[in-house]
file data10.cif (mmCIF, C-alpha atoms)
data_structure
loop_
_atom_site.label_atom_id
_atom_site.label_comp_id
_atom_site.auth_asym_id
_atom_site.auth_seq_id
_atom_site.Cartn_x
_atom_site.Cartn_y
_atom_site.Cartn_z
CA MET A 115 -3.73 -30.04 -11.26
CA THR A 116 -2.01 -26.97 -12.66
CA SER A 117 -1.41 -27.03 -16.38
CA THR A 118 2.14 -26.73 -17.63
CA ALA A 119 1.16 -25.04 -20.90
CA HIS A 120 2.05 -21.64 -19.53
CA ALA A 121 4.43 -22.65 -16.77
CA PRO A 122 7.27 -20.09 -16.78
CA GLY A 123 10.93 -20.95 -16.44
CA ARG A 124 13.09 -19.55 -13.67
CA SER A 125 14.23 -16.57 -15.77
CA GLY A 126 10.62 -15.83 -16.76
CA ARG A 127 9.51 -15.85 -13.13
CA ARG A 128 12.38 -13.56 -12.18
CA HIS A 129 11.55 -11.07 -14.94
CA THR A 130 7.87 -11.05 -13.99
CA LEU A 131 8.82 -10.51 -10.36
CA LEU A 132 11.15 -7.65 -11.31
CA SER A 133 8.40 -5.88 -13.26
CA SER A 134 6.07 -6.11 -10.25
CA VAL A 135 8.70 -4.81 -7.85
CA VAL A 136 10.00 -1.93 -9.98
CA GLY A 137 6.51 -0.75 -10.88
CA ALA A 138 5.49 -0.84 -7.23
CA VAL A 139 8.64 1.09 -6.21
CA VAL A 140 7.88 3.94 -8.63
CA GLU A 141 4.17 4.14 -7.83
CA TRP A 142 4.70 4.11 -4.07
CA TYR A 143 7.56 6.59 -4.37
CA GLU A 144 5.06 8.93 -5.98
CA TYR A 145 2.51 8.22 -3.28
CA THR A 146 5.06 8.72 -0.49
CA ILE A 147 6.27 12.12 -1.63
CA TYR A 148 2.69 13.39 -1.51
CA ALA A 149 2.22 11.99 2.00
CA THR A 150 5.49 13.48 3.25
CA SER A 151 4.75 16.82 1.60
CA ALA A 152 1.32 16.83 3.26
CA ALA A 153 3.11 16.50 6.60
CA LEU A 154 5.73 19.18 5.92
CA VAL A 155 4.77 21.53 3.09
CA PHE A 156 1.17 21.61 1.91
CA ALA A 157 -0.37 23.15 5.05
CA PRO A 158 1.16 26.64 4.61
CA LEU A 159 1.42 26.53 0.81
CA PHE A 160 -2.01 25.25 -0.18
CA PHE A 161 -4.14 25.52 3.00
CA PRO A 162 -2.95 28.69 4.76
CA SER A 163 -4.90 29.94 7.80
CA ASP A 164 -4.40 31.68 11.12
CA ASN A 165 -4.59 28.31 12.87
CA PRO A 166 -1.58 26.07 12.06
CA ALA A 167 -3.33 22.98 13.47
CA ALA A 168 -6.32 23.53 11.18
CA SER A 169 -4.03 23.98 8.18
CA GLN A 170 -2.23 20.73 9.01
CA ILE A 171 -5.50 18.85 9.38
CA ALA A 172 -6.62 20.22 5.99
CA ALA A 173 -3.34 19.11 4.40
CA PHE A 174 -3.76 15.61 5.83
CA ALA A 175 -7.38 15.62 4.63
CA SER A 176 -6.12 16.28 1.09
CA PHE A 177 -3.94 13.20 1.53
CA GLY A 178 -7.09 11.31 2.51
CA VAL A 179 -8.96 12.52 -0.58
CA GLY A 180 -6.87 10.17 -2.70
CA PHE A 181 -8.16 7.21 -0.72
CA VAL A 182 -11.72 8.06 -1.72
CA ALA A 183 -10.79 7.25 -5.32
CA ARG A 184 -8.88 4.08 -4.48
CA PRO A 185 -11.92 1.74 -4.30
CA ILE A 186 -13.09 3.12 -7.66
CA GLY A 187 -9.64 2.46 -9.10
CA ALA A 188 -9.70 -1.02 -7.58
CA TRP A 189 -13.07 -1.75 -9.17
CA VAL A 190 -12.11 -0.42 -12.62
CA ALA A 191 -8.65 -2.05 -12.62
CA GLY A 192 -10.08 -5.29 -11.28
CA HIS A 193 -12.79 -5.30 -13.95
CA TYR A 194 -10.32 -4.97 -16.82
CA GLY A 195 -7.55 -6.94 -15.13
CA ASP A 196 -9.86 -9.96 -14.83
CA ARG A 197 -11.21 -9.51 -18.37
CA ILE A 198 -8.33 -8.43 -20.62
CA GLY A 199 -5.29 -9.22 -18.49
CA ARG A 200 -3.06 -8.02 -15.67
CA LYS A 201 -0.27 -6.49 -17.78
CA ALA A 202 -2.29 -3.95 -19.80
CA THR A 203 -4.16 -2.82 -16.69
CA LEU A 204 -0.96 -2.23 -14.72
CA LEU A 205 0.50 -0.19 -17.58
CA ALA A 206 -2.57 2.06 -17.52
CA THR A 207 -2.52 2.64 -13.75
CA PHE A 208 1.20 3.34 -13.91
CA THR A 209 0.79 6.03 -16.58
CA VAL A 210 -2.06 7.82 -14.80
CA MET A 211 -0.15 7.87 -11.51
CA THR A 212 2.98 9.42 -13.00
CA ALA A 213 1.08 12.08 -14.97
CA ALA A 214 -0.76 13.21 -11.82
CA THR A 215 2.42 13.27 -9.73
CA ALA A 216 4.39 15.33 -12.25
CA ALA A 217 1.50 17.79 -12.52
CA ILE A 218 1.57 18.35 -8.74
CA GLY A 219 5.23 19.32 -9.06
CA LEU A 220 4.24 22.07 -11.48
CA LEU A 221 1.14 23.29 -9.61
CA PRO A 222 1.07 26.96 -8.46
CA ASP A 223 0.38 27.42 -4.74
CA TYR A 224 -2.36 29.36 -2.93
CA GLY A 225 -0.39 32.59 -3.04
CA ALA A 226 -0.32 32.45 -6.85
CA ILE A 227 -3.82 31.30 -7.85
CA GLY A 228 -5.82 31.37 -4.62
CA LEU A 229 -8.54 28.81 -4.00
CA MET A 230 -7.88 27.01 -7.29
CA ALA A 231 -4.59 25.75 -5.84
CA PRO A 232 -6.09 23.42 -3.20
CA VAL A 233 -8.90 22.46 -5.58
CA LEU A 234 -6.47 21.37 -8.30
CA LEU A 235 -4.24 19.68 -5.73
CA CYS A 236 -7.16 17.58 -4.51
CA LEU A 237 -8.19 16.69 -8.08
CA LEU A 238 -4.68 15.48 -8.87
CA ARG A 239 -4.66 13.60 -5.60
CA LEU A 240 -7.87 11.88 -6.68
CA LEU A 241 -6.12 10.73 -9.86
CA GLN A 242 -3.23 9.39 -7.78
CA GLY A 243 -5.66 7.47 -5.62
CA PHE A 244 -7.51 6.09 -8.63
CA ALA A 245 -4.26 4.79 -10.12
CA VAL A 246 -2.83 3.26 -6.97
CA GLY A 247 -6.21 1.63 -6.29
CA GLY A 248 -5.45 -0.85 -9.05
CA GLU A 249 -1.70 -1.05 -8.52
CA TRP A 250 -1.32 -3.12 -5.35
CA GLY A 251 -3.68 -5.88 -6.39
CA GLY A 252 -2.18 -6.17 -9.87
CA ALA A 253 1.43 -6.24 -8.71
CA ALA A 254 0.66 -8.80 -5.99
CA ILE A 255 -1.29 -11.03 -8.36
CA VAL A 256 1.35 -11.04 -11.10
CA ALA A 257 4.01 -12.08 -8.59
CA ALA A 258 1.86 -14.68 -6.84
CA GLU A 259 0.26 -16.23 -9.91
CA SER A 260 3.61 -16.78 -11.63
CA ALA A 261 5.34 -18.34 -8.59
CA ARG A 262 5.68 -21.96 -7.53
CA SER A 263 3.06 -22.87 -4.93
CA ASP A 264 5.71 -23.70 -2.31
CA ARG A 265 7.41 -20.30 -2.81
CA ARG A 266 4.34 -18.13 -3.32
CA GLY A 267 4.60 -16.31 0.01
CA PHE A 268 8.23 -15.42 -0.67
CA ALA A 269 7.59 -14.32 -4.27
CA ALA A 270 4.46 -12.30 -3.44
CA SER A 271 6.29 -10.47 -0.64
CA TRP A 272 8.62 -8.83 -3.15
CA PRO A 273 6.07 -6.31 -4.46
CA GLN A 274 5.63 -5.43 -0.77
CA ILE A 275 9.30 -4.49 -0.84
CA GLY A 276 8.36 -2.16 -3.66
CA VAL A 277 6.02 -0.35 -1.28
CA SER A 278 8.74 0.00 1.36
CA SER A 279 11.36 0.92 -1.23
CA GLY A 280 9.06 3.62 -2.54
CA LEU A 281 8.66 4.85 1.03
CA LEU A 282 12.44 4.90 1.48
CA LEU A 283 13.17 6.60 -1.86
CA GLY A 284 10.39 9.12 -1.40
CA THR A 285 11.56 10.05 2.09
CA LEU A 286 15.16 10.30 0.89
CA ALA A 287 14.06 12.48 -2.04
CA VAL A 288 12.29 14.92 0.27
CA ALA A 289 15.23 14.97 2.71
CA GLY A 290 17.66 15.45 -0.19
CA SER A 291 15.56 18.27 -1.61
CA GLN A 292 15.64 19.98 1.79
CA LEU A 293 19.42 19.70 1.77
CA ILE A 294 19.79 20.97 -1.80
CA SER A 295 17.36 23.87 -1.61
CA GLY A 296 18.02 24.92 1.99
CA ASP A 297 15.96 27.99 2.87
CA GLU A 298 14.29 27.80 -0.55
CA PHE A 299 12.71 24.40 0.17
CA MET A 300 9.26 25.89 0.73
CA THR A 301 9.63 27.97 -2.44
CA TRP A 302 10.81 25.46 -5.05
CA GLY A 303 12.72 22.65 -3.34
CA TRP A 304 9.59 20.67 -2.46
CA ARG A 305 8.80 20.33 -6.17
CA LEU A 306 11.96 18.39 -7.00
CA PRO A 307 10.78 14.94 -5.75
CA PHE A 308 7.59 15.25 -7.81
CA LEU A 309 9.48 16.09 -11.00
CA LEU A 310 11.99 13.32 -10.33
CA SER A 311 9.13 10.86 -10.80
CA ILE A 312 9.30 11.43 -14.58
CA PRO A 313 12.68 9.71 -15.22
CA LEU A 314 11.92 7.07 -12.58
CA ALA A 315 8.64 6.29 -14.33
CA ALA A 316 10.37 5.99 -17.70
CA VAL A 317 12.50 3.17 -16.28
CA GLY A 318 9.50 1.48 -14.69
CA LEU A 319 7.43 1.72 -17.86
CA TYR A 320 10.22 0.16 -19.92
CA ILE A 321 10.45 -2.81 -17.57
CA ARG A 322 6.70 -3.32 -17.41
CA LEU A 323 6.39 -3.24 -21.19
CA ARG A 324 8.81 -6.16 -21.39
CA ALA A 325 6.99 -8.22 -18.76
CA THR A 326 4.83 -11.21 -19.69
CA GLU A 327 1.20 -11.79 -18.76
CA SER A 328 0.28 -13.67 -15.58
CA GLN A 329 0.56 -17.42 -16.08
CA ALA A 330 -2.60 -18.25 -14.11
CA PHE A 331 -4.59 -15.75 -16.18
CA LEU A 332 -3.32 -17.30 -19.42
CA ARG A 333 -4.28 -20.80 -18.22
CA ALA A 334 -7.74 -19.56 -17.18
CA ARG A 335 -8.19 -17.85 -20.55
CA ASP A 336 -7.22 -21.02 -22.42
CA ALA A 337 -9.72 -22.98 -20.33
CA GLY A 338 -12.45 -20.44 -21.01
CA ALA A 339 -12.58 -19.56 -17.32
CA THR A 340 -11.71 -15.87 -17.34
CA ALA A 341 -14.01 -13.15 -16.00
CA PRO A 342 -17.77 -13.82 -16.32
CA GLU A 343 -20.14 -11.94 -18.58
CA ARG A 344 -21.45 -9.92 -15.68
CA ALA A 345 -19.07 -7.53 -13.93
CA PRO A 346 -16.49 -9.40 -11.80
CA ILE A 347 -17.43 -7.26 -8.77
CA VAL A 348 -20.95 -8.72 -8.91
CA GLU A 349 -19.62 -12.27 -8.69
CA VAL A 350 -17.25 -11.32 -5.86
CA VAL A 351 -20.06 -9.81 -3.79
CA ARG A 352 -22.56 -12.58 -4.54
CA SER A 353 -20.38 -15.67 -4.41
CA HIS A 354 -17.25 -14.78 -2.44
CA ARG A 355 -18.51 -12.69 0.45
CA ARG A 356 -16.75 -14.80 3.06
CA ALA A 357 -13.38 -14.49 1.32
CA LEU A 358 -13.95 -10.75 0.96
CA ALA A 359 -14.82 -10.35 4.66
CA ILE A 360 -11.77 -12.36 5.74
CA ALA A 361 -9.44 -10.31 3.53
CA VAL A 362 -10.86 -7.05 4.91
CA ALA A 363 -10.53 -8.19 8.54
CA VAL A 364 -6.98 -9.50 8.11
CA GLY A 365 -5.91 -6.20 6.56
CA PHE A 366 -7.06 -4.04 9.49
CA GLY A 367 -3.77 -4.23 11.40
CA HIS A 368 -1.70 -2.97 8.50
CA SER A 369 -4.14 -0.43 7.10
CA GLY A 370 -5.01 1.08 10.45
CA THR A 371 -1.47 1.75 11.67
CA TYR A 372 0.90 2.10 8.70
CA TYR A 373 0.27 5.80 8.09
CA LEU A 374 0.34 6.47 11.81
CA PHE A 375 4.05 5.64 11.82
CA THR A 376 5.01 6.90 8.35
CA VAL A 377 2.99 10.09 7.82
CA PHE A 378 1.35 11.38 11.00
CA ILE A 379 4.42 10.74 13.11
CA ILE A 380 6.55 13.11 10.99
CA ALA A 381 4.18 16.01 11.62
CA TYR A 382 3.76 15.00 15.29
CA VAL A 383 7.50 14.92 15.93
CA ALA A 384 8.09 18.28 14.23
CA GLY A 385 4.93 20.08 15.36
CA THR A 386 3.84 18.74 18.75
CA LEU A 387 7.22 17.61 20.12
CA GLY A 388 9.20 20.46 18.57
CA VAL A 389 11.88 18.11 17.30
CA PRO A 390 13.58 18.94 13.95
CA ALA A 391 11.62 17.50 11.03
CA GLY A 392 14.74 15.63 9.91
CA THR A 393 14.46 13.38 12.97
CA GLY A 394 11.13 11.96 11.84
CA LEU A 395 12.45 11.53 8.31
CA LEU A 396 15.54 9.75 9.65
CA ALA A 397 13.37 7.36 11.68
CA VAL A 398 11.25 6.49 8.65
CA ILE A 399 14.38 5.98 6.51
CA VAL A 400 15.88 3.56 9.06
CA GLY A 401 12.58 1.77 9.57
CA SER A 402 11.81 1.38 5.87
CA SER A 403 15.35 0.06 5.26
CA LEU A 404 14.77 -2.68 7.83
CA ASN A 405 11.34 -3.29 6.30
CA ILE A 406 12.89 -3.90 2.88
CA LEU A 407 15.42 -6.37 4.30
CA LEU A 408 12.93 -8.32 6.41
CA MET A 409 9.82 -8.39 4.20
CA PRO A 410 11.02 -11.45 2.20
CA VAL A 411 11.77 -13.17 5.51
CA ALA A 412 8.14 -12.75 6.53
CA GLY A 413 7.00 -14.09 3.16
CA LEU A 414 9.37 -17.04 3.43
CA ALA A 415 8.19 -17.73 6.97
CA SER A 416 4.61 -17.87 5.71
CA ASP A 417 5.69 -20.56 3.19
CA ARG A 418 7.28 -22.56 5.99
CA PHE A 419 4.92 -22.03 8.93
CA GLY A 420 1.71 -20.86 7.24
CA ARG A 421 0.06 -17.52 6.48
CA ARG A 422 -2.13 -17.64 9.59
CA TRP A 423 0.74 -18.08 12.04
CA VAL A 424 2.83 -15.22 10.66
CA LEU A 425 -0.06 -12.79 10.33
CA GLY A 426 -1.37 -13.74 13.78
CA ALA A 427 2.07 -13.16 15.29
CA GLY A 428 2.24 -9.71 13.69
CA ALA A 429 -1.21 -8.78 14.99
CA ALA A 430 -0.38 -9.94 18.52
CA LEU A 431 2.89 -8.00 18.42
CA LEU A 432 0.99 -4.88 17.35
CA VAL A 433 -1.42 -5.20 20.27
CA VAL A 434 1.32 -5.49 22.91
CA SER A 435 3.85 -3.06 21.42
CA ILE A 436 2.00 -0.01 20.11
CA TRP A 437 1.73 1.73 23.50
CA PRO A 438 5.46 1.28 24.31
CA ILE A 439 6.35 2.48 20.78
CA LEU A 440 4.29 5.65 21.21
CA LEU A 441 5.84 6.25 24.64
CA LEU A 442 9.30 6.00 23.10
CA VAL A 443 8.42 8.48 20.38
CA GLY A 444 6.84 10.80 22.96
CA THR A 445 10.15 11.25 24.79
CA GLY A 446 11.31 13.46 21.92
CA ARG A 447 14.76 11.89 21.98
CA THR A 448 16.25 11.06 18.61
CA TRP A 449 17.35 7.53 19.53
CA ALA A 450 13.93 6.72 21.00
CA ILE A 451 12.02 8.05 18.00
CA VAL A 452 14.22 6.08 15.61
CA LEU A 453 13.99 2.92 17.73
CA GLY A 454 10.21 3.09 18.04
CA ILE A 455 9.44 3.67 14.37
CA ALA A 456 12.14 1.22 13.24
CA PHE A 457 10.65 -1.50 15.48
CA TYR A 458 7.19 -0.97 14.02
CA LEU A 459 8.35 -0.96 10.39
CA GLY A 460 11.02 -3.63 10.80
CA ALA A 461 9.14 -6.13 12.96
CA VAL A 462 5.42 -5.44 13.33
CA HIS A 463 4.67 -4.24 9.81
CA THR A 464 6.70 -6.91 8.02
CA LEU A 465 4.75 -9.67 9.78
CA LEU A 466 1.41 -7.98 9.05
CA TYR A 467 2.21 -7.14 5.44
CA GLY A 468 4.63 -9.71 4.01
CA PRO A 469 2.21 -12.68 3.81
CA LEU A 470 -0.82 -10.57 2.87
CA PRO A 471 -0.70 -10.84 -0.97
CA ALA A 472 -0.18 -14.61 -0.88
CA LEU A 473 -3.14 -15.10 1.45
CA PHE A 474 -5.36 -12.77 -0.56
CA THR A 475 -4.41 -14.49 -3.83
CA GLU A 476 -5.28 -17.89 -2.36
CA LEU A 477 -8.72 -16.72 -1.20
CA PHE A 478 -10.13 -15.87 -4.65
CA PRO A 479 -10.42 -17.77 -7.97
CA THR A 480 -8.46 -16.56 -10.99
CA ARG A 481 -11.50 -15.26 -12.87
CA VAL A 482 -12.26 -12.60 -10.22
CA ARG A 483 -8.99 -12.51 -8.27
CA TYR A 484 -7.84 -9.04 -9.39
CA THR A 485 -11.20 -7.59 -8.43
CA GLY A 486 -11.50 -9.49 -5.15
CA ILE A 487 -8.16 -8.64 -3.60
CA SER A 488 -8.11 -5.07 -4.94
CA VAL A 489 -11.53 -4.25 -3.52
CA ALA A 490 -10.71 -5.84 -0.16
CA TYR A 491 -7.40 -4.00 0.15
CA GLN A 492 -8.74 -0.64 -0.98
CA PHE A 493 -11.83 -0.88 1.22
CA ASN A 494 -9.48 -0.89 4.18
CA ALA A 495 -7.44 1.90 2.64
CA VAL A 496 -10.37 4.30 2.37
CA LEU A 497 -11.91 3.20 5.68
CA LEU A 498 -8.76 3.31 7.81
CA SER A 499 -5.71 4.70 6.03
CA GLY A 500 -6.85 7.66 3.99
CA PHE A 501 -8.06 9.98 6.70
CA GLY A 502 -6.01 8.31 9.42
CA PRO A 503 -3.40 11.10 9.73
CA ALA A 504 -6.15 13.73 9.96
CA LEU A 505 -8.03 11.61 12.53
CA PHE A 506 -4.85 11.07 14.56
CA SER A 507 -4.24 14.83 14.58
CA VAL A 508 -7.78 15.44 15.86
CA LEU A 509 -7.45 12.78 18.57
CA VAL A 510 -4.14 14.15 19.83
CA ALA A 511 -5.47 17.72 19.79
CA TRP A 512 -8.57 16.59 21.72
CA SER A 513 -6.85 14.41 24.32
CA GLY A 514 -3.48 16.14 24.59
CA SER A 515 -1.97 12.65 24.56
CA VAL A 516 -1.31 9.64 22.35
CA TRP A 517 -3.35 7.16 24.38
CA PRO A 518 -6.28 7.23 21.88
CA LEU A 519 -3.82 6.23 19.16
CA ALA A 520 -2.64 3.27 21.24
CA LEU A 521 -6.21 2.06 21.80
CA PHE A 522 -6.96 2.46 18.09
CA GLY A 523 -3.88 0.41 17.14
CA MET A 524 -4.77 -2.34 19.61
CA LEU A 525 -8.26 -2.57 18.12
CA MET A 526 -6.77 -2.90 14.63
CA GLY A 527 -4.56 -5.77 15.82
CA ILE A 528 -7.51 -7.55 17.40
CA MET A 529 -9.50 -7.28 14.16
CA THR A 530 -6.64 -8.92 12.26
CA ILE A 531 -6.56 -11.75 14.80
CA VAL A 532 -10.31 -12.26 14.27
CA GLY A 533 -9.79 -12.40 10.50
CA VAL A 534 -6.91 -14.87 10.77
CA ALA A 535 -8.93 -17.10 13.11
CA SER A 536 -11.83 -17.12 10.62
CA THR A 537 -9.94 -18.69 7.72
CA ARG A 538 -8.30 -22.00 7.06
CA GLU A 539 -4.61 -22.22 6.27
CA THR A 540 -4.11 -21.48 2.56
CA ARG A 541 -0.37 -22.21 2.20
CA GLY A 542 0.36 -24.44 -0.78
CA THR A 543 -3.04 -23.90 -2.41
CA ASP A 544 -3.22 -24.71 -6.13
CA LEU A 545 -4.60 -21.52 -7.65
CA ASP A 546 -6.21 -23.33 -10.55
CA ASP A 547 -7.99 -25.67 -8.13
CA VAL A 548 -9.30 -22.70 -6.19
CA GLY A 549 -10.81 -21.40 -9.40
CA ALA A 550 -12.35 -24.75 -10.26
CA ARG A 551 -13.90 -25.20 -6.82
CA ARG A 552 -15.31 -21.68 -6.64
CA GLN A 553 -16.68 -21.81 -10.19
CA ALA A 554 -18.43 -25.10 -9.43
CA VAL A 555 -20.06 -23.56 -6.37
CA THR A 556 -21.13 -20.52 -8.40
CA ALA A 557 -22.66 -22.65 -11.15
CA SER A 558 -24.57 -24.92 -8.72
#

call {"tool": "encode", "arguments": {"input": "data10.cif", "output": "structure tokens"}}
result
Amino acid sequence: MTSTAHAPGRSGRRHTLLSSVVGAVVEWYEYTIYATSAALVFAPLFFPSDNPAASQIAAFASFGVGFVARPIGAWVAGHYGDRIGRKATLLATFTVMTAATAAIGLLPDYGAIGLMAPVLLCLLRLLQGFAVGGEWGGAAIVAAESARSDRRGFAASWPQIGVSSGLLLGTLAVAGSQLISGDEFMTWGWRLPFLLSIPLAAVGLYIRLRATESQAFLRARDAGATAPERAPIVEVVRSHRRALAIAVAVGFGHSGTYYLFTVFIIAYVAGTLGVPAGTGLLAVIVGSSLNILLMPVAGLASDRFGRRWVLGAGAALLVVSIWPILLLVGTGRTWAIVLGIAFYLGAVHTLLYGPLPALFTELFPTRVRYTGISVAYQFNAVLLSGFGPALFSVLVAWSGSVWPLALFGMLMGIMTIVGVASTRETRGTDLDDVGARRQAVTAS
């Protein structure tokens, strides 16, 4: 049974939830503006060449570079998050992310410093990836561990709103900078969203400093059941391989398709279809707005009907809808592009993403939870998400069509279905009992 020694009141839970959401909003805002800039700006400014397609692929590859550092960030943040606490670790990742983002906004381009420009850009991108590698797991855990067991899916879905809100704010910031700077956007206007991260981060840092530590972590610490002497990653790999494999498989649907419809599609609409870049931005803005509104509904549904049912429904919807969505976008008509991307973000993605942190939290014991869910999530990120936009560009250039993208998305949905079918229902799990059971197995 869960101890009440550290059970938070309603106001405490709300404040903890707010810190998770606001921090996630700022960090994913910073991540989004890089992704959008890679689609619109970085190719000619940092990777100029006589071949525009090659420059675009290089810009998307720089986006992918950040994902290489995400598993390292997940390991480091998980190690300290399971040992010294969630709060201090999240403050550190938050600070590193903002410093790297602001530096990008001040970075000279290729025309000013030559080859050093893309080199420095990639190094700063690595720092971004390192920081965000520990962000998602920490934000999800803090929300889930401090929630009531019967509302955990709903509470843990709120940091997911932070991701979508960051996507919305970042896209709006880039669109607003285009409007403000006009013809000077490629000269200085693109820098504005990166510099705006400084005041946004100040607000987020203030809120996170006032947040309390995770209640489950405090109970585990009092019981002497926090991270083991050996590195938490060792225990995860040795004793929780099944949970790790399930988490990786379930995450395929989200990780494999999210950047297809939020990053690659912007460049595809503007470059291949010849539609104004603002159309792709508009579609992402509409879709992310729906995503924000419906994400808690998906989390709430997972509390009512179970994590497996909601995630399975999202995966099945991905399999049957990705080809029609891509056909809609391929018409080049504004209404069709907006409808297709909005359907993915508003319906498919919310079902695949909303229940994810609750399920992941319920798969691992408290003593290695930060490490377990961070490594699982970031493994998918580097395997599927990071170089996805570059891969999608290569596939479209090779085939002259989007059918390879449809097959790829269907495969991702099928992998999620396999992962969901491989686990029991975890809704209502007592997180302290999970820890006790897993620790007993480890000790035996």

call {"tool": "resolve_selection", "arguments": {"input": "data10.cif", "expression": "the PyMOL selection byres ((chain A and resi 437) around 12)", "output": "ChimeraX atom specification"}}
result
/A:431-436,438-444,454,458,515-524

call {"tool": "residues_around", "arguments": {"input": "data10.cif", "residues": "region 163-177 of chain A", "least_positions_apart": "2", "cutoff": "10 Å", "atoms": "all atoms listed in the file", "output": "PyMOL selection string"}}
result
chain A and resi 145+148-161+179-182+232-233+235-237+239-240+243+377-378+381+385-386+499-508+511

call {"tool": "closest_residue", "arguments": {"input": "data10.cif", "among": "A:Glu539, A:Leu473, A:Gly401, A:Val462", "to": "Thr285 (chain A)", "atoms": "all atoms listed in the file"}}
result
A:Gly401

call {"tool": "resolve_selection", "arguments": {"input": "data10.cif", "expression": "the PyMOL selection byres ((chain A and resi 535) around 12)", "output": "list of chain:residue names"}}
result
A:Ile360, A:Ala361, A:Ala363, A:Val364, A:Arg421, A:Arg422, A:Trp423, A:Leu425, A:Gly426, A:Ala427, A:Ala429, A:Ile528, A:Met529, A:Thr530, A:Ile531, A:Val532, A:Gly533, A:Val534, A:Ser536, A:Thr537, A:Arg538, A:Glu539

call {"tool": "atom_distance", "arguments": {"input": "data10.cif", "atom1": "CA of Ser416 (chain A)", "atom2": "CA of Gly267 (chain A)"}}
result
5.9 Å

call {"tool": "atom_distance", "arguments": {"input": "data10.cif", "atom1": "CA of His193 (chain A)", "atom2": "CA of Ile487 (chain A)"}}
result
11.8 Å

call {"tool": "atom_distance", "arguments": {"input": "data10.cif", "atom1": "CA of Ala430 (chain A)", "atom2": "CA of Gly468 (chain A)"}}
result
15.4 Å

call {"tool": "resolve_selection", "arguments": {"input": "data10.cif", "expression": "the PyMOL selection byres ((chain A and resi 303-311) around 6)", "output": "list in words"}}
result
Thr215, Ala216, Gly219, Ala287, Ser291, Ser295, Phe299, Trp302, Ile312, Pro313, Leu314 and Ala315 of chain A

call {"tool": "write_last_selection", "arguments": {"input": "data10.cif", "atoms": "C-alpha atoms", "output": "tab-separated table (two decimals), in the coordinates of the input"}}
result
chain	number	residue	atom	x	y	z
A	215	THR	CA	2.42	13.27	-9.73
A	216	ALA	CA	4.39	15.33	-12.25
A	219	GLY	CA	5.23	19.32	-9.06
A	287	ALA	CA	14.06	12.48	-2.04
A	291	SER	CA	15.56	18.27	-1.61
A	295	SER	CA	17.36	23.87	-1.61
A	299	PHE	CA	12.71	24.40	0.17
A	302	TRP	CA	10.81	25.46	-5.05
A	312	ILE	CA	9.30	11.43	-14.58
A	313	PRO	CA	12.68	9.71	-15.22
A	314	LEU	CA	11.92	7.07	-12.58
A	315	ALA	CA	8.64	6.29	-14.33

call {"tool": "closest_residue", "arguments": {"input": "data10.cif", "among": "A:Ala183, A:Ile255, A:Leu396, A:Leu404", "to": "Phe457 (chain A)", "atoms": "all atoms listed in the file"}}
result
A:Leu404

call {"tool": "residues_around", "arguments": {"input": "data10.cif", "residues": "region 249-252 of chain A", "least_positions_apart": "5", "cutoff": "7 Å", "atoms": "all atoms listed in the file", "output": "ChimeraX atom specification"}}
result
/A:200,204,207,484,487-488

call {"tool": "residues_near_point", "arguments": {"input": "data10.cif", "point": "(1.2, -12.5, -16.9)", "cutoff": "8 Å", "atoms": "all atoms listed in the file", "output": "number ranges by chain"}}
result
A: 130, 199-201, 256, 259-260, 325-332

call {"tool": "closest_residue", "arguments": {"input": "data10.cif", "among": "A:Val482, A:Val190, A:Ala384, A:Val411", "to": "Thr448 (chain A)", "atoms": "only C-alpha atoms"}}
result
A:Ala384

call {"tool": "residues_near_point", "arguments": {"input": "data10.cif", "point": "(10.2, -19.3, 3.2)", "cutoff": "10 Å", "atoms": "all atoms listed in the file", "output": "ChimeraX atom specification"}}
result
/A:264-269,410-420

call {"tool": "write_last_selection", "arguments": {"input": "data10.cif", "atoms": "C-alpha atoms", "output": "PDB file, in the frame of the given file"}}
result
ATOM      1  CA  ASP A 264       5.710 -23.700  -2.310  1.00  0.00           C
ATOM      2  CA  ARG A 265       7.410 -20.300  -2.810  1.00  0.00           C
ATOM      3  CA  ARG A 266       4.340 -18.130  -3.320  1.00  0.00           C
ATOM      4  CA  GLY A 267       4.600 -16.310   0.010  1.00  0.00           C
ATOM      5  CA  PHE A 268       8.230 -15.420  -0.670  1.00  0.00           C
ATOM      6  CA  ALA A 269       7.590 -14.320  -4.270  1.00  0.00           C
ATOM      7  CA  PRO A 410      11.020 -11.450   2.200  1.00  0.00           C
ATOM      8  CA  VAL A 411      11.770 -13.170   5.510  1.00  0.00           C
ATOM      9  CA  ALA A 412       8.140 -12.750   6.530  1.00  0.00           C
ATOM     10  CA  GLY A 413       7.000 -14.090   3.160  1.00  0.00           C
ATOM     11  CA  LEU A 414       9.370 -17.040   3.430  1.00  0.00           C
ATOM     12  CA  ALA A 415       8.190 -17.730   6.970  1.00  0.00           C
ATOM     13  CA  SER A 416       4.610 -17.870   5.710  1.00  0.00           C
ATOM     14  CA  ASP A 417       5.690 -20.560   3.190  1.00  0.00           C
ATOM     15  CA  ARG A 418       7.280 -22.560   5.990  1.00  0.00           C
ATOM     16  CA  PHE A 419       4.920 -22.030   8.930  1.00  0.00           C
ATOM     17  CA  GLY A 420       1.710 -20.860   7.240  1.00  0.00           C
TER      18      GLY A 420
END

call {"tool": "closest_residue", "arguments": {"input": "data10.cif", "among": "A:Ile406, A:Leu509, A:Ile455, A:Ala258", "to": "Thr475 (chain A)", "atoms": "only C-alpha atoms"}}
result
A:Ala258

call {"tool": "closest_residue", "arguments": {"input": "data10.cif", "among": "A:Ile275, A:Ala461, A:Leu477, A:Val136", "to": "Arg541 (chain A)", "atoms": "all atoms listed in the file"}}
result
A:Leu477
